[in-house]
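These notes concern the structure reproduced below.
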Amino acid sequence: MSRAMTKSLTLNGAPHRSAAATIADLVRELDLAPEKVAVERNGEIVPRSTLSDAPLADGDRLEIVHFVGGGDHAADTWTVAGRTFTSRLIVGTGKYKSFEQNAAAVEASGAEIVTVAVRRVNVSDPKAPMLTDFIDPKKITYLPNTAGCFTGEDAVRTLRLAREAGGWDLVKLEVLGEARTLYPDMRETLKATEVLAKEGFLPMVYCADDPIAAKQLEDAGAVAIMPLGAPIGSGLGIQNRVMIRLIVEGAKVPVLVDAGVGTASDAAVGMELGCDGILMNTAIAEAKDPIRMARAMKLAVEAGREAYLAGRMARRMYADPSSPLAGLI
């Protein structure tokens, strides 16, 4: 294009040269679609329908805008089995004083997933209130859970019934070894994971804080790995940060700390280790003020995630002054 044919323009605040005859030609030259932008020329809006007829003149000042996602940052979402969520906090639905309190805590936590136990219907009072009356499964994702199962066979049976009852295929598998510690039986857990995956389930699996076992579960079809931070309901916090971090580094599926969180700092630690999320129940349900604790957990998960993304400072063996020591009086 010869210099004599070009026009000197100011485009979005910067100098620009173009041989375009009309504004529409300029928009196309920028590899944009005229029907998807808005244009201001010399302080006046140019109707989109007239862009093809609006001639460009030397010295024109133009602003060309289009719609982009709001905010400074893309939403920090996570995905499990093709389903995307914004909240990285999953909460349980046990131990609350009432369904009303449970629903209020879920709302305060911002959680988009709740775990639900599968139990026999109370045939003596079939009209008794149910969780679904208070937490709408159309708005909150229900994650059927095999809590209380001590064999892989019982866990699989339970989830087959859950799928029949509600059509759920995204499920939480846990197979317990014994009642005192509620520690997972990894042999039974692995067998159940293989069966469920073959039957089309998408199991998120509670497991020991063992990176080898975690990898075996992933290979067997687990869509998320959920290592315990400490025994279920203990509130002891994350006891083995090294193993949790190794699981995170080795996994190709989401990793969520499941069990042992007692307070907000525990949740933040899990997120700072790079986990995709945290699952908790007792820490909120047994707090003196469950609703306030639910809000605290929401903030802790968000803060821990931000800290992980920011990248913490290096640990040092000795002090390193924030202010220079040279030039002291």
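Quick note on naming: the chains in the structure tokens go A, B, ... in the order shown, residues restart at 1 in each chain, and ligands are numbered from 1 in order of appearance.
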* Selection: 12 Å around Pro290 of chain A, only C-alpha atoms, excl. self and same-chain fewer than 5 positions, as a list in words -> Val91, Lys95, Tyr96, Lys97, Ser98, Glu100, Gln101, Asn102, Ala103, Ala104, Ala105, Val106, Glu107, Ala108, Ser109, Thr263, Asn281, Thr282, Ala283, Ile284, Ala285, Arg295, Ala296 and Met297 of chain A
* Asked: Can you list, as a ChimeraX atom specification, every protein, DNA or RNA residue that comes within 10 Å of Thr86 of chain A when you count only C-alpha atoms, leaving out same-chain residues fewer than 5 positions away?
  -> /A:75-79,110-112
* **Nearby residues (only C-alpha atoms) at most 9 Å from Asp25 of chain A, same-chain spacing under 4 positions excluded, as a PyMOL selection string** => chain A and resi 19-21+29-30+34+51-52
* To do: Could you jot down the atom CA of Ile113 of chain A to atom CA of Gly235 of chain A separation for me, Å, one decimal place?
  =>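 These two atoms are separated by 20.9 Å.
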* If we count only C-alpha atoms, what is near segment 36-39 of chain A at a cut-off of 8 Å, once residues fewer than 6 positions away on the same chain are taken out, given as a PyMOL selection string? -> chain A and resi 45-48+62-67
* Expected answer as JSON, numbers by chain: alpha helix (DSSP H) residues in segment 43-211 of chain A -> {"A": [99, 100, 101, 102, 103, 104, 105, 106, 107, 108, 109, 152, 153, 154, 155, 156, 157, 158, 159, 160, 161, 162, 163, 164, 165, 166, 186, 187, 188, 189, 190, 191, 192, 193, 194, 195, 196, 197, 198, 211]}
* Asked: Could you name the residues that touch segment 200-203 of chain A at 6 Å or less, counting only C-alpha atoms, but leaving out those on the same chain fewer than 3 positions away, as a ChimeraX atom specification?
  -> /A:169-172,196-197,222-223
* Quick one: residues within 8 Å of Gly237 of chain A, only C-alpha atoms counted, chain neighbours fewer than 6 positions away excluded, as a list in words? -> Gly229, Ala230, Gly260, Val261, Gly262, Thr263 and Asp266 of chain A
Selected residues written out with N, CA, C and O atoms, as an mmCIF file, in the first residue's frame:
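Once everything was written out, this is out00.cif:
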```
data_model
loop_
_atom_site.group_PDB
_atom_site.id
_atom_site.type_symbol
_atom_site.label_atom_id
_atom_site.label_comp_id
_atom_site.auth_asym_id
_atom_site.auth_seq_id
_atom_site.Cartn_x
_atom_site.Cartn_y
_atom_site.Cartn_z
ATOM 1 N N GLY A 229 -7.011 -35.712 55.209
ATOM 2 C CA GLY A 229 -6.040 -34.857 55.874
ATOM 3 C C GLY A 229 -5.726 -35.390 57.254
ATOM 4 O O GLY A 229 -4.614 -35.284 57.759
ATOM 5 N N ALA A 230 -6.746 -35.982 57.882
ATOM 6 C CA ALA A 230 -6.667 -36.616 59.199
ATOM 7 C C ALA A 230 -7.913 -37.489 59.302
ATOM 8 O O ALA A 230 -8.792 -37.420 58.430
ATOM 9 N N GLY A 260 -10.814 -34.397 58.183
ATOM 10 C CA GLY A 260 -9.808 -33.931 59.116
ATOM 11 C C GLY A 260 -9.729 -32.435 59.306
ATOM 12 O O GLY A 260 -9.094 -31.962 60.249
ATOM 13 N N VAL A 261 -10.343 -31.660 58.402
ATOM 14 C CA VAL A 261 -10.303 -30.199 58.552
ATOM 15 C C VAL A 261 -11.068 -29.810 59.815
ATOM 16 O O VAL A 261 -12.179 -30.289 60.059
ATOM 17 N N GLY A 262 -10.470 -28.936 60.632
ATOM 18 C CA GLY A 262 -11.123 -28.508 61.860
ATOM 19 C C GLY A 262 -11.467 -27.034 61.887
ATOM 20 O O GLY A 262 -12.460 -26.633 62.494
ATOM 21 N N THR A 263 -10.653 -26.230 61.206
ATOM 22 C CA THR A 263 -10.895 -24.790 61.216
ATOM 23 C C THR A 263 -10.389 -24.187 59.912
ATOM 24 O O THR A 263 -9.837 -24.895 59.049
ATOM 25 N N ASP A 266 -6.865 -24.798 58.434
ATOM 26 C CA ASP A 266 -6.647 -26.121 57.846
ATOM 27 C C ASP A 266 -7.066 -26.132 56.380
ATOM 28 O O ASP A 266 -6.393 -26.710 55.520
#
```
* If you measure from atom CA of Leu131 of chain A to atom CA of Ile232 of chain A, what distance in Å do you get, rounded to one decimal? ->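 Distance between the two atoms: 22.1 Å.
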* **Nearest to Gly274 of chain A by atom-to-atom distance, counting only C-alpha atoms, from A:Arg88, A:Gly177, A:Asp210, A:Met130** =>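 Smallest separation from Gly274 of chain A among the options: A:Arg88.
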* Nearest candidate to Ala268 of chain A (options A:Ala287, A:Ile247, A:Met313, A:Leu89; using only C-alpha atoms) ->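 Nearest candidate to Ala268 of chain A out of A:Ala287, A:Ile247, A:Met313, A:Leu89: A:Leu89.
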DSSP on the backbone: which residues in segment 7-230 of chain A end up as strand (DSSP E)? Give the answer as a PDB file with N, CA, C and O atoms, in the first residue's frame.
```pdb
ATOM      1  N   LYS A   7      -4.240   6.876   5.290  1.00  0.00           N
ATOM      2  CA  LYS A   7      -4.741   7.965   6.124  1.00  0.00           C
ATOM      3  C   LYS A   7      -4.123   7.818   7.504  1.00  0.00           C
ATOM      4  O   LYS A   7      -3.922   6.703   8.003  1.00  0.00           O
ATOM      5  N   SER A   8      -3.838   8.925   8.131  1.00  0.00           N
ATOM      6  CA  SER A   8      -3.329   8.921   9.501  1.00  0.00           C
ATOM      7  C   SER A   8      -4.510   9.022  10.455  1.00  0.00           C
ATOM      8  O   SER A   8      -5.241  10.022  10.447  1.00  0.00           O
ATOM      9  N   LEU A   9      -4.689   7.981  11.256  1.00  0.00           N
ATOM     10  CA  LEU A   9      -5.819   7.916  12.176  1.00  0.00           C
ATOM     11  C   LEU A   9      -5.306   7.782  13.605  1.00  0.00           C
ATOM     12  O   LEU A   9      -4.149   7.434  13.835  1.00  0.00           O
ATOM     13  N   THR A  10      -6.196   8.034  14.548  1.00  0.00           N
ATOM     14  CA  THR A  10      -5.935   7.669  15.936  1.00  0.00           C
ATOM     15  C   THR A  10      -6.946   6.594  16.289  1.00  0.00           C
ATOM     16  O   THR A  10      -8.158   6.852  16.314  1.00  0.00           O
ATOM     17  N   LEU A  11      -6.462   5.383  16.520  1.00  0.00           N
ATOM     18  CA  LEU A  11      -7.336   4.238  16.746  1.00  0.00           C
ATOM     19  C   LEU A  11      -7.153   3.726  18.170  1.00  0.00           C
ATOM     20  O   LEU A  11      -6.060   3.303  18.543  1.00  0.00           O
ATOM     21  N   ALA A  14      -4.143   5.187  19.896  1.00  0.00           N
ATOM     22  CA  ALA A  14      -2.796   5.003  19.346  1.00  0.00           C
ATOM     23  C   ALA A  14      -2.783   5.399  17.871  1.00  0.00           C
ATOM     24  O   ALA A  14      -3.779   5.249  17.158  1.00  0.00           O
ATOM     25  N   PRO A  15      -1.652   5.914  17.356  1.00  0.00           N
ATOM     26  CA  PRO A  15      -1.548   6.246  15.932  1.00  0.00           C
ATOM     27  C   PRO A  15      -1.745   4.996  15.071  1.00  0.00           C
ATOM     28  O   PRO A  15      -1.287   3.903  15.421  1.00  0.00           O
ATOM     29  N   HIS A  16      -2.415   5.185  13.955  1.00  0.00           N
ATOM     30  CA  HIS A  16      -2.678   4.041  13.063  1.00  0.00           C
ATOM     31  C   HIS A  16      -2.781   4.570  11.638  1.00  0.00           C
ATOM     32  O   HIS A  16      -3.356   5.631  11.402  1.00  0.00           O
ATOM     33  N   ARG A  17      -2.226   3.823  10.687  1.00  0.00           N
ATOM     34  CA  ARG A  17      -2.327   4.209   9.280  1.00  0.00           C
ATOM     35  C   ARG A  17      -3.105   3.137   8.541  1.00  0.00           C
ATOM     36  O   ARG A  17      -2.925   1.935   8.758  1.00  0.00           O
ATOM     37  N   SER A  18      -4.009   3.573   7.660  1.00  0.00           N
ATOM     38  CA  SER A  18      -4.850   2.631   6.929  1.00  0.00           C
ATOM     39  C   SER A  18      -5.259   3.232   5.597  1.00  0.00           C
ATOM     40  O   SER A  18      -5.433   4.455   5.464  1.00  0.00           O
ATOM     41  N   ALA A  38     -18.795  -1.844  18.185  1.00  0.00           N
ATOM     42  CA  ALA A  38     -19.387  -0.508  18.226  1.00  0.00           C
ATOM     43  C   ALA A  38     -18.261   0.493  17.954  1.00  0.00           C
ATOM     44  O   ALA A  38     -17.129   0.299  18.396  1.00  0.00           O
ATOM     45  N   VAL A  39     -18.595   1.558  17.208  1.00  0.00           N
ATOM     46  CA  VAL A  39     -17.563   2.501  16.771  1.00  0.00           C
ATOM     47  C   VAL A  39     -17.968   3.928  17.126  1.00  0.00           C
ATOM     48  O   VAL A  39     -19.112   4.346  16.907  1.00  0.00           O
ATOM     49  N   GLU A  40     -17.001   4.649  17.678  1.00  0.00           N
ATOM     50  CA  GLU A  40     -17.155   6.080  17.912  1.00  0.00           C
ATOM     51  C   GLU A  40     -16.120   6.791  17.042  1.00  0.00           C
ATOM     52  O   GLU A  40     -14.948   6.408  17.041  1.00  0.00           O
ATOM     53  N   ARG A  41     -16.569   7.805  16.275  1.00  0.00           N
ATOM     54  CA  ARG A  41     -15.646   8.583  15.439  1.00  0.00           C
ATOM     55  C   ARG A  41     -15.733  10.040  15.822  1.00  0.00           C
ATOM     56  O   ARG A  41     -16.806  10.639  15.806  1.00  0.00           O
ATOM     57  N   GLU A  44     -18.434  10.921  18.230  1.00  0.00           N
ATOM     58  CA  GLU A  44     -19.828  10.623  17.880  1.00  0.00           C
ATOM     59  C   GLU A  44     -19.973   9.132  17.560  1.00  0.00           C
ATOM     60  O   GLU A  44     -19.142   8.552  16.843  1.00  0.00           O
ATOM     61  N   ILE A  45     -21.038   8.503  18.076  1.00  0.00           N
ATOM     62  CA  ILE A  45     -21.309   7.097  17.776  1.00  0.00           C
ATOM     63  C   ILE A  45     -21.726   6.961  16.309  1.00  0.00           C
ATOM     64  O   ILE A  45     -22.568   7.723  15.818  1.00  0.00           O
ATOM     65  N   VAL A  46     -21.134   6.016  15.623  1.00  0.00           N
ATOM     66  CA  VAL A  46     -21.521   5.720  14.238  1.00  0.00           C
ATOM     67  C   VAL A  46     -22.438   4.504  14.271  1.00  0.00           C
ATOM     68  O   VAL A  46     -21.996   3.418  14.662  1.00  0.00           O
ATOM     69  N   ARG A  61     -10.392  10.315  14.629  1.00  0.00           N
ATOM     70  CA  ARG A  61     -10.119   9.637  15.897  1.00  0.00           C
ATOM     71  C   ARG A  61     -11.224   8.609  16.127  1.00  0.00           C
ATOM     72  O   ARG A  61     -12.404   8.971  16.176  1.00  0.00           O
ATOM     73  N   LEU A  62     -10.845   7.352  16.251  1.00  0.00           N
ATOM     74  CA  LEU A  62     -11.832   6.288  16.366  1.00  0.00           C
ATOM     75  C   LEU A  62     -11.618   5.456  17.633  1.00  0.00           C
ATOM     76  O   LEU A  62     -10.484   5.215  18.037  1.00  0.00           O
ATOM     77  N   GLU A  63     -12.736   5.062  18.228  1.00  0.00           N
ATOM     78  CA  GLU A  63     -12.732   4.079  19.309  1.00  0.00           C
ATOM     79  C   GLU A  63     -13.571   2.898  18.831  1.00  0.00           C
ATOM     80  O   GLU A  63     -14.720   3.068  18.423  1.00  0.00           O
ATOM     81  N   ILE A  64     -12.997   1.708  18.854  1.00  0.00           N
ATOM     82  CA  ILE A  64     -13.707   0.501  18.443  1.00  0.00           C
ATOM     83  C   ILE A  64     -13.728  -0.455  19.628  1.00  0.00           C
ATOM     84  O   ILE A  64     -12.677  -0.803  20.181  1.00  0.00           O
ATOM     85  N   VAL A  65     -14.923  -0.847  20.044  1.00  0.00           N
ATOM     86  CA  VAL A  65     -15.050  -1.715  21.218  1.00  0.00           C
ATOM     87  C   VAL A  65     -15.901  -2.926  20.887  1.00  0.00           C
ATOM     88  O   VAL A  65     -16.670  -2.942  19.913  1.00  0.00           O
ATOM     89  N   TRP A  78     -12.839 -24.998  38.446  1.00  0.00           N
ATOM     90  CA  TRP A  78     -12.228 -26.323  38.381  1.00  0.00           C
ATOM     91  C   TRP A  78     -13.235 -27.282  37.772  1.00  0.00           C
ATOM     92  O   TRP A  78     -14.448 -27.045  37.809  1.00  0.00           O
ATOM     93  N   THR A  79     -12.733 -28.342  37.178  1.00  0.00           N
ATOM     94  CA  THR A  79     -13.587 -29.267  36.439  1.00  0.00           C
ATOM     95  C   THR A  79     -13.332 -30.690  36.882  1.00  0.00           C
ATOM     96  O   THR A  79     -12.181 -31.111  37.027  1.00  0.00           O
ATOM     97  N   VAL A  80     -14.411 -31.430  37.107  1.00  0.00           N
ATOM     98  CA  VAL A  80     -14.314 -32.844  37.419  1.00  0.00           C
ATOM     99  C   VAL A  80     -15.276 -33.596  36.509  1.00  0.00           C
ATOM    100  O   VAL A  80     -16.450 -33.244  36.399  1.00  0.00           O
ATOM    101  N   ARG A  83     -17.524 -31.548  34.332  1.00  0.00           N
ATOM    102  CA  ARG A  83     -18.458 -30.612  34.963  1.00  0.00           C
ATOM    103  C   ARG A  83     -17.665 -29.534  35.675  1.00  0.00           C
ATOM    104  O   ARG A  83     -16.762 -29.837  36.462  1.00  0.00           O
ATOM    105  N   THR A  84     -18.001 -28.301  35.419  1.00  0.00           N
ATOM    106  CA  THR A  84     -17.198 -27.180  35.907  1.00  0.00           C
ATOM    107  C   THR A  84     -17.906 -26.468  37.060  1.00  0.00           C
ATOM    108  O   THR A  84     -19.116 -26.218  37.002  1.00  0.00           O
ATOM    109  N   PHE A  85     -17.123 -26.139  38.077  1.00  0.00           N
ATOM    110  CA  PHE A  85     -17.651 -25.476  39.267  1.00  0.00           C
ATOM    111  C   PHE A  85     -16.777 -24.269  39.615  1.00  0.00           C
ATOM    112  O   PHE A  85     -15.591 -24.241  39.298  1.00  0.00           O
ATOM    113  N   LEU A  89     -15.175 -25.486  47.508  1.00  0.00           N
ATOM    114  CA  LEU A  89     -15.547 -26.027  48.810  1.00  0.00           C
ATOM    115  C   LEU A  89     -16.754 -26.948  48.637  1.00  0.00           C
ATOM    116  O   LEU A  89     -17.782 -26.547  48.092  1.00  0.00           O
ATOM    117  N   ILE A  90     -16.603 -28.195  49.073  1.00  0.00           N
ATOM    118  CA  ILE A  90     -17.706 -29.158  49.083  1.00  0.00           C
ATOM    119  C   ILE A  90     -18.065 -29.401  50.539  1.00  0.00           C
ATOM    120  O   ILE A  90     -17.187 -29.597  51.380  1.00  0.00           O
ATOM    121  N   VAL A  91     -19.355 -29.398  50.850  1.00  0.00           N
ATOM    122  CA  VAL A  91     -19.761 -29.583  52.237  1.00  0.00           C
ATOM    123  C   VAL A  91     -20.686 -30.788  52.363  1.00  0.00           C
ATOM    124  O   VAL A  91     -21.387 -31.168  51.425  1.00  0.00           O
ATOM    125  N   ILE A 113     -21.589 -28.114  45.559  1.00  0.00           N
ATOM    126  CA  ILE A 113     -21.725 -29.558  45.673  1.00  0.00           C
ATOM    127  C   ILE A 113     -21.910 -29.900  47.146  1.00  0.00           C
ATOM    128  O   ILE A 113     -21.206 -29.367  48.007  1.00  0.00           O
ATOM    129  N   VAL A 114     -22.861 -30.801  47.432  1.00  0.00           N
ATOM    130  CA  VAL A 114     -23.011 -31.338  48.788  1.00  0.00           C
ATOM    131  C   VAL A 114     -22.987 -32.855  48.721  1.00  0.00           C
ATOM    132  O   VAL A 114     -23.519 -33.453  47.787  1.00  0.00           O
ATOM    133  N   THR A 115     -22.325 -33.471  49.696  1.00  0.00           N
ATOM    134  CA  THR A 115     -22.371 -34.924  49.780  1.00  0.00           C
ATOM    135  C   THR A 115     -23.640 -35.338  50.514  1.00  0.00           C
ATOM    136  O   THR A 115     -24.081 -34.673  51.460  1.00  0.00           O
ATOM    137  N   VAL A 116     -24.231 -36.429  50.059  1.00  0.00           N
ATOM    138  CA  VAL A 116     -25.454 -36.934  50.679  1.00  0.00           C
ATOM    139  C   VAL A 116     -25.302 -38.428  50.909  1.00  0.00           C
ATOM    140  O   VAL A 116     -24.843 -39.163  50.029  1.00  0.00           O
ATOM    141  N   ALA A 117     -25.667 -38.871  52.094  1.00  0.00           N
ATOM    142  CA  ALA A 117     -25.641 -40.296  52.399  1.00  0.00           C
ATOM    143  C   ALA A 117     -26.897 -40.953  51.836  1.00  0.00           C
ATOM    144  O   ALA A 117     -27.953 -40.320  51.726  1.00  0.00           O
ATOM    145  N   THR A 141     -25.454 -29.437  43.282  1.00  0.00           N
ATOM    146  CA  THR A 141     -25.134 -30.792  42.835  1.00  0.00           C
ATOM    147  C   THR A 141     -25.054 -31.733  44.028  1.00  0.00           C
ATOM    148  O   THR A 141     -24.283 -31.502  44.957  1.00  0.00           O
ATOM    149  N   TYR A 142     -25.861 -32.773  43.993  1.00  0.00           N
ATOM    150  CA  TYR A 142     -25.809 -33.804  45.025  1.00  0.00           C
ATOM    151  C   TYR A 142     -24.724 -34.809  44.648  1.00  0.00           C
ATOM    152  O   TYR A 142     -24.657 -35.280  43.518  1.00  0.00           O
ATOM    153  N   LEU A 143     -23.892 -35.159  45.635  1.00  0.00           N
ATOM    154  CA  LEU A 143     -22.837 -36.143  45.438  1.00  0.00           C
ATOM    155  C   LEU A 143     -23.124 -37.318  46.374  1.00  0.00           C
ATOM    156  O   LEU A 143     -22.750 -37.299  47.547  1.00  0.00           O
ATOM    157  N   PRO A 144     -23.818 -38.351  45.873  1.00  0.00           N
ATOM    158  CA  PRO A 144     -24.111 -39.509  46.726  1.00  0.00           C
ATOM    159  C   PRO A 144     -22.835 -40.119  47.277  1.00  0.00           C
ATOM    160  O   PRO A 144     -21.839 -40.264  46.559  1.00  0.00           O
ATOM    161  N   ASN A 145     -22.885 -40.477  48.557  1.00  0.00           N
ATOM    162  CA  ASN A 145     -21.695 -40.882  49.286  1.00  0.00           C
ATOM    163  C   ASN A 145     -21.936 -42.255  49.922  1.00  0.00           C
ATOM    164  O   ASN A 145     -23.038 -42.535  50.390  1.00  0.00           O
ATOM    165  N   LEU A 170     -22.071 -39.105  38.943  1.00  0.00           N
ATOM    166  CA  LEU A 170     -20.946 -38.541  39.695  1.00  0.00           C
ATOM    167  C   LEU A 170     -21.187 -38.854  41.162  1.00  0.00           C
ATOM    168  O   LEU A 170     -22.178 -38.404  41.756  1.00  0.00           O
ATOM    169  N   VAL A 171     -20.304 -39.661  41.747  1.00  0.00           N
ATOM    170  CA  VAL A 171     -20.534 -40.173  43.106  1.00  0.00           C
ATOM    171  C   VAL A 171     -19.252 -40.094  43.925  1.00  0.00           C
ATOM    172  O   VAL A 171     -18.157 -39.972  43.372  1.00  0.00           O
ATOM    173  N   LYS A 172     -19.410 -40.186  45.242  1.00  0.00           N
ATOM    174  CA  LYS A 172     -18.249 -40.248  46.129  1.00  0.00           C
ATOM    175  C   LYS A 172     -18.169 -41.642  46.735  1.00  0.00           C
ATOM    176  O   LYS A 172     -19.107 -42.104  47.392  1.00  0.00           O
ATOM    177  N   LEU A 173     -17.043 -42.285  46.507  1.00  0.00           N
ATOM    178  CA  LEU A 173     -16.820 -43.630  47.031  1.00  0.00           C
ATOM    179  C   LEU A 173     -15.924 -43.581  48.251  1.00  0.00           C
ATOM    180  O   LEU A 173     -14.850 -42.969  48.216  1.00  0.00           O
ATOM    181  N   LEU A 202     -18.884 -42.217  37.731  1.00  0.00           N
ATOM    182  CA  LEU A 202     -17.751 -41.287  37.768  1.00  0.00           C
ATOM    183  C   LEU A 202     -17.370 -41.113  39.228  1.00  0.00           C
ATOM    184  O   LEU A 202     -17.830 -40.183  39.908  1.00  0.00           O
ATOM    185  N   PRO A 203     -16.538 -42.008  39.756  1.00  0.00           N
ATOM    186  CA  PRO A 203     -16.277 -42.000  41.199  1.00  0.00           C
ATOM    187  C   PRO A 203     -15.193 -41.022  41.642  1.00  0.00           C
ATOM    188  O   PRO A 203     -14.077 -41.025  41.126  1.00  0.00           O
ATOM    189  N   MET A 204     -15.545 -40.168  42.596  1.00  0.00           N
ATOM    190  CA  MET A 204     -14.583 -39.360  43.329  1.00  0.00           C
ATOM    191  C   MET A 204     -14.261 -40.169  44.586  1.00  0.00           C
ATOM    192  O   MET A 204     -15.177 -40.537  45.327  1.00  0.00           O
ATOM    193  N   VAL A 205     -12.979 -40.458  44.820  1.00  0.00           N
ATOM    194  CA  VAL A 205     -12.657 -41.534  45.754  1.00  0.00           C
ATOM    195  C   VAL A 205     -11.870 -41.055  46.972  1.00  0.00           C
ATOM    196  O   VAL A 205     -10.781 -40.476  46.846  1.00  0.00           O
ATOM    197  N   TYR A 206     -12.431 -41.331  48.159  1.00  0.00           N
ATOM    198  CA  TYR A 206     -11.768 -41.101  49.442  1.00  0.00           C
ATOM    199  C   TYR A 206     -10.673 -42.141  49.613  1.00  0.00           C
ATOM    200  O   TYR A 206     -10.893 -43.337  49.409  1.00  0.00           O
ATOM    201  N   CYS A 207      -9.482 -41.677  49.995  1.00  0.00           N
ATOM    202  CA  CYS A 207      -8.365 -42.611  50.063  1.00  0.00           C
ATOM    203  C   CYS A 207      -7.350 -42.183  51.115  1.00  0.00           C
ATOM    204  O   CYS A 207      -7.420 -41.083  51.673  1.00  0.00           O
ATOM    205  N   ALA A 224     -11.620 -38.192  40.536  1.00  0.00           N
ATOM    206  CA  ALA A 224     -10.997 -37.274  41.502  1.00  0.00           C
ATOM    207  C   ALA A 224     -10.425 -38.102  42.635  1.00  0.00           C
ATOM    208  O   ALA A 224     -10.990 -39.137  43.006  1.00  0.00           O
ATOM    209  N   ILE A 225      -9.299 -37.641  43.162  1.00  0.00           N
ATOM    210  CA  ILE A 225      -8.645 -38.304  44.281  1.00  0.00           C
ATOM    211  C   ILE A 225      -8.876 -37.458  45.526  1.00  0.00           C
ATOM    212  O   ILE A 225      -8.661 -36.245  45.518  1.00  0.00           O
ATOM    213  N   MET A 226      -9.310 -38.125  46.630  1.00  0.00           N
ATOM    214  CA  MET A 226      -9.697 -37.378  47.826  1.00  0.00           C
ATOM    215  C   MET A 226      -8.977 -37.932  49.055  1.00  0.00           C
ATOM    216  O   MET A 226      -9.555 -38.665  49.862  1.00  0.00           O
ATOM    217  N   PRO A 227      -7.687 -37.612  49.209  1.00  0.00           N
ATOM    218  CA  PRO A 227      -6.938 -38.127  50.354  1.00  0.00           C
ATOM    219  C   PRO A 227      -7.375 -37.475  51.659  1.00  0.00           C
ATOM    220  O   PRO A 227      -7.729 -36.299  51.693  1.00  0.00           O
TER     221      PRO A 227
END
```
